[in-house]
Amino acid sequence: MSGPDLPGTSASQQAGEAPGPPAPPPPPPASAEAGKTEDAGDAAFWGGADDGERRRKRRWPRVLIAVGVFVALVVAGLGGLVWQRQSSYNGNIDRIKGVMPDDDARRPGPNVEGTENWLLVGSDSRADEQTTGEGNQVWKPGQQRTDTIMLLHLPADRKKAYVISFPRDSWVEIPGYGNQKINAAFSFGGPKLLIETMENLTGIRVDHYGAIDFEGFKSMTDALGGVTVNVKQSVYDPARKKQWTAGKQKLNGEDALLFVRQRYNLPNGDFDRIKRQQAFLGALAKQAADRGTLTNPLKLDRFLSALTKSISVDDGVSGGNLRSLALSMRGVRPSDVMFMTAPHKGTGMRGKQSVVFLDGTKAKGLFEAVKTARMAEWVRQNGPGNTLGTVS
């Protein structure tokens with residue numbers, strides 16, 4: 001999360017650079033059969049095999065790192081807390097008051113019954129300390145922008161999950177401020193204005209909001225003993241003087257921040273950084289759901305403590321809501337989560353600012369599919385979106 005530009009400056013340093021969020025991964029099968037799919041590769045994060053393991057699972061009810069990316073951390077990780085310590089973990093979670101827009105009459109109508117839409121963001125605080133989670137202020141006027149913006153759509157049957165990433169330099173209308181980069185909404189008016197901007201852009205009603213500063217990922221990554229990503233080709237980051245070698249890389253917390261923040265020298269600029277962030281979040285979720293974590297009470301506790309102290313959600317999200325959501329998604333597997341980037345026409349200039357132009361026609365079709373709960377049909381017609389096993 002390099003510090004994005006304030007209004008009037010260029011946020012995309014290279015052509016093709018566009019911000020972004022999220023990555024491949026997510027959740028779990030809960031039966032003994034789930035463990036069998038593990039041998040098939042990426043198919044299942046969940047174990048489940050011998051009687052001894054079943055007994056251990058009864059002692060430590062399943063922790064559902066539900067949907068890959070942010071939701072794995074913001075939603076499922078919160079909802080699927082270990083039952084015995086639910087109260088403690090739930091108490092760690094920061095709930096932001098007054099996040100949702102006030103004027104209901106100006107908002108999109110209710111979503112299709114049973115579906116849920118979450119706005120998930122990673123904030124750029126231009127500070128060393130995290131700005132979300134326990135004891136931290138989530139927004140300071142003019143000092144932060146959203147480095148990662150994702151819309152998570154959950155169908156009513158919870159058999160799939162769809163994550164749409166929005167380039168942070170997307171040129172959109174911000175209520176009260178005219179056309180600006182979308183991440184400026186957070187700087188101008190915090191989470192509420194960002195939600196209003198997203199609803200105005202997509203016509204989709206946002207049910208809940210979740211935020212984390214990438215600084216918060218350091219402790220989570222280290223609590224898991226690191227996570228592994230796969231780099232397509234060797235690349236040097238001149239801004240942080242970091243060389244990435246092609247192949248699998250095991251990242252500790254510090255390296256993870258360098259990995260997700262790189263903007264320069266990537267073939268497709270910020271578009272590639274979106275995929276890096278998604279890949280990292282997926283790897284984090286997968287590692288958290290690994291049997292080695294789930295069956296190790298101390299390791300699991302360290303991770304869940306770090307997780308719940310690092311995130312913020314709207315004050316309408318109760319521990320019971322999250323637990324119910326996690327349980328409803330316990331059958332979702334990695335292959336059931338689709339990651340995509342909002343349709344765009346590439347980059348260009350607006351004044352001195354390098355921006356991303358969304359493709360209005362294609363985007364409208366995607367947003368309508370979310371709004372009407374027809375994403376399965378949209379995916380059949382347009383393809384599943386980003387592939388993130390190996391990233392630039």
# chains A, B, ... in the order shown; residues from 1 in each chain; ligands from 1

call {"tool": "closest_atom_pairs", "arguments": {"of": "region 183-282 of chain A", "to": "region 157-170 of chain A", "cutoff": "9 Å", "atoms": "only C-alpha atoms", "output": "CSV"}}
result
residue,atom,partner,partner_atom,distance
A:Asn183,CA,A:Arg168,CA,5.2
A:Ala184,CA,A:Arg168,CA,8.6
A:Asp270,CA,A:Pro167,CA,7.7
A:Phe271,CA,A:Pro167,CA,7.3
A:Ile274,CA,A:Ser165,CA,7.6

call {"tool": "residues_around", "arguments": {"residues": "Asp104 (chain A)", "least_positions_apart": "2", "cutoff": "12 Å", "atoms": "only C-alpha atoms", "output": "compact mmCIF listing (two decimals) with all heavy atoms, in the first residue's frame"}}
result
# COMPACT_ATOMS: atom_id res chain seq x y z
N MET A 100 -22.83 3.58 7.69
CA MET A 100 -23.78 3.42 6.59
C MET A 100 -24.46 4.75 6.27
O MET A 100 -24.73 5.57 7.16
CB MET A 100 -24.83 2.36 6.94
CG MET A 100 -24.23 1.01 7.34
SD MET A 100 -22.97 0.36 6.18
CE MET A 100 -23.99 0.00 4.76
N PRO A 101 -24.76 5.01 4.98
CA PRO A 101 -25.40 6.27 4.58
C PRO A 101 -26.72 6.50 5.32
O PRO A 101 -27.45 5.55 5.62
CB PRO A 101 -25.63 6.06 3.07
CG PRO A 101 -24.55 5.11 2.67
CD PRO A 101 -24.42 4.16 3.83
N ASP A 102 -27.02 7.78 5.59
CA ASP A 102 -28.21 8.13 6.38
C ASP A 102 -29.47 8.23 5.54
O ASP A 102 -30.56 7.86 5.99
CB ASP A 102 -27.99 9.47 7.09
CG ASP A 102 -26.78 9.45 8.01
OD1 ASP A 102 -26.64 8.46 8.75
OD2 ASP A 102 -25.99 10.40 7.96
N ARG A 106 -32.29 7.88 -0.93
CA ARG A 106 -31.36 8.08 -2.04
C ARG A 106 -30.53 6.84 -2.35
O ARG A 106 -29.78 6.83 -3.32
CB ARG A 106 -30.42 9.25 -1.73
CG ARG A 106 -31.13 10.59 -1.58
CD ARG A 106 -30.15 11.64 -1.07
NE ARG A 106 -29.09 11.88 -2.04
CZ ARG A 106 -29.11 12.85 -2.94
NH1 ARG A 106 -30.14 13.67 -3.01
NH2 ARG A 106 -28.11 13.01 -3.78
N ARG A 107 -30.68 5.81 -1.54
CA ARG A 107 -29.88 4.61 -1.72
C ARG A 107 -30.59 3.61 -2.65
O ARG A 107 -31.81 3.67 -2.82
CB ARG A 107 -29.62 3.93 -0.37
CG ARG A 107 -28.91 4.81 0.63
CD ARG A 107 -28.60 4.04 1.89
NE ARG A 107 -27.63 2.98 1.63
CZ ARG A 107 -27.38 1.97 2.46
NH1 ARG A 107 -28.04 1.88 3.62
NH2 ARG A 107 -26.48 1.05 2.16
N PRO A 108 -29.85 2.68 -3.25
CA PRO A 108 -30.48 1.63 -4.05
C PRO A 108 -31.44 0.83 -3.17
O PRO A 108 -31.28 0.77 -1.95
CB PRO A 108 -29.30 0.77 -4.51
CG PRO A 108 -28.11 1.68 -4.44
CD PRO A 108 -28.38 2.57 -3.26
N GLY A 109 -32.43 0.21 -3.80
CA GLY A 109 -33.39 -0.59 -3.04
C GLY A 109 -32.75 -1.84 -2.46
O GLY A 109 -31.58 -2.15 -2.76
N PRO A 110 -33.49 -2.56 -1.63
CA PRO A 110 -32.97 -3.77 -0.98
C PRO A 110 -32.47 -4.78 -2.01
O PRO A 110 -32.97 -4.85 -3.14
CB PRO A 110 -34.18 -4.31 -0.22
CG PRO A 110 -35.05 -3.11 -0.01
CD PRO A 110 -34.88 -2.28 -1.24
N GLU A 196 -21.39 5.61 -0.33
CA GLU A 196 -22.30 6.37 -1.18
C GLU A 196 -21.80 6.39 -2.62
O GLU A 196 -22.58 6.26 -3.58
CB GLU A 196 -22.44 7.79 -0.65
CG GLU A 196 -23.19 7.88 0.68
CD GLU A 196 -23.19 9.29 1.24
OE1 GLU A 196 -22.49 10.17 0.68
OE2 GLU A 196 -23.90 9.53 2.24
N GLU A 199 -22.35 2.92 -4.19
CA GLU A 199 -23.77 2.69 -4.49
C GLU A 199 -24.22 3.53 -5.68
O GLU A 199 -25.00 3.07 -6.52
CB GLU A 199 -24.62 2.99 -3.26
CG GLU A 199 -24.42 1.99 -2.13
CD GLU A 199 -25.37 2.19 -0.97
OE1 GLU A 199 -25.91 3.32 -0.82
OE2 GLU A 199 -25.61 1.23 -0.21
N ARG A 205 -26.89 -1.95 -3.49
CA ARG A 205 -26.94 -1.55 -2.09
C ARG A 205 -25.87 -2.30 -1.29
O ARG A 205 -25.77 -3.52 -1.38
CB ARG A 205 -28.32 -1.84 -1.50
CG ARG A 205 -28.54 -1.23 -0.10
CD ARG A 205 -29.93 -1.59 0.41
NE ARG A 205 -30.23 -0.95 1.68
CZ ARG A 205 -30.86 0.20 1.83
NH1 ARG A 205 -31.28 0.86 0.75
NH2 ARG A 205 -31.10 0.70 3.02
N VAL A 206 -25.09 -1.57 -0.54
CA VAL A 206 -24.06 -2.17 0.31
C VAL A 206 -24.68 -2.51 1.65
O VAL A 206 -25.21 -1.64 2.34
CB VAL A 206 -22.87 -1.20 0.50
CG1 VAL A 206 -21.89 -1.76 1.51
CG2 VAL A 206 -22.17 -0.95 -0.84

call {"tool": "residues_around", "arguments": {"residues": "Ala279 (chain A)", "least_positions_apart": "2", "cutoff": "7 Å", "atoms": "only C-alpha atoms", "output": "list in words"}}
result
Ala23, Pro24, Val229, Lys275, Arg276, Gln277, Leu281, Gly282, Ala283 and Leu388 of chain A

call {"tool": "residues_around", "arguments": {"residues": "Leu266 (chain A)", "least_positions_apart": "5", "cutoff": "8 Å", "atoms": "only C-alpha atoms", "output": "ChimeraX atom specification"}}
result
/A:235,272-273,392

call {"tool": "decode", "arguments": {"residues": "region 252-264 of chain A", "atoms": "C-alpha atoms", "output": "short mmCIF file (atom, residue, chain, number, x, y, z; two decimals), in the first residue's frame"}}
result
data_model
loop_
_atom_site.label_atom_id
_atom_site.label_comp_id
_atom_site.auth_asym_id
_atom_site.auth_seq_id
_atom_site.Cartn_x
_atom_site.Cartn_y
_atom_site.Cartn_z
CA ASN A 252 7.00 -13.14 6.52
CA GLY A 253 4.98 -10.13 7.66
CA GLU A 254 7.47 -7.52 6.46
CA ASP A 255 7.96 -9.17 3.07
CA ALA A 256 4.19 -9.50 2.67
CA LEU A 257 3.82 -5.73 2.92
CA LEU A 258 6.53 -5.19 0.31
CA PHE A 259 4.88 -7.75 -1.96
CA VAL A 260 1.39 -6.21 -1.90
CA ARG A 261 2.64 -2.63 -2.09
CA GLN A 262 4.83 -2.87 -5.18
CA ARG A 263 3.63 -0.63 -8.01
CA TYR A 264 6.68 0.06 -10.13
#
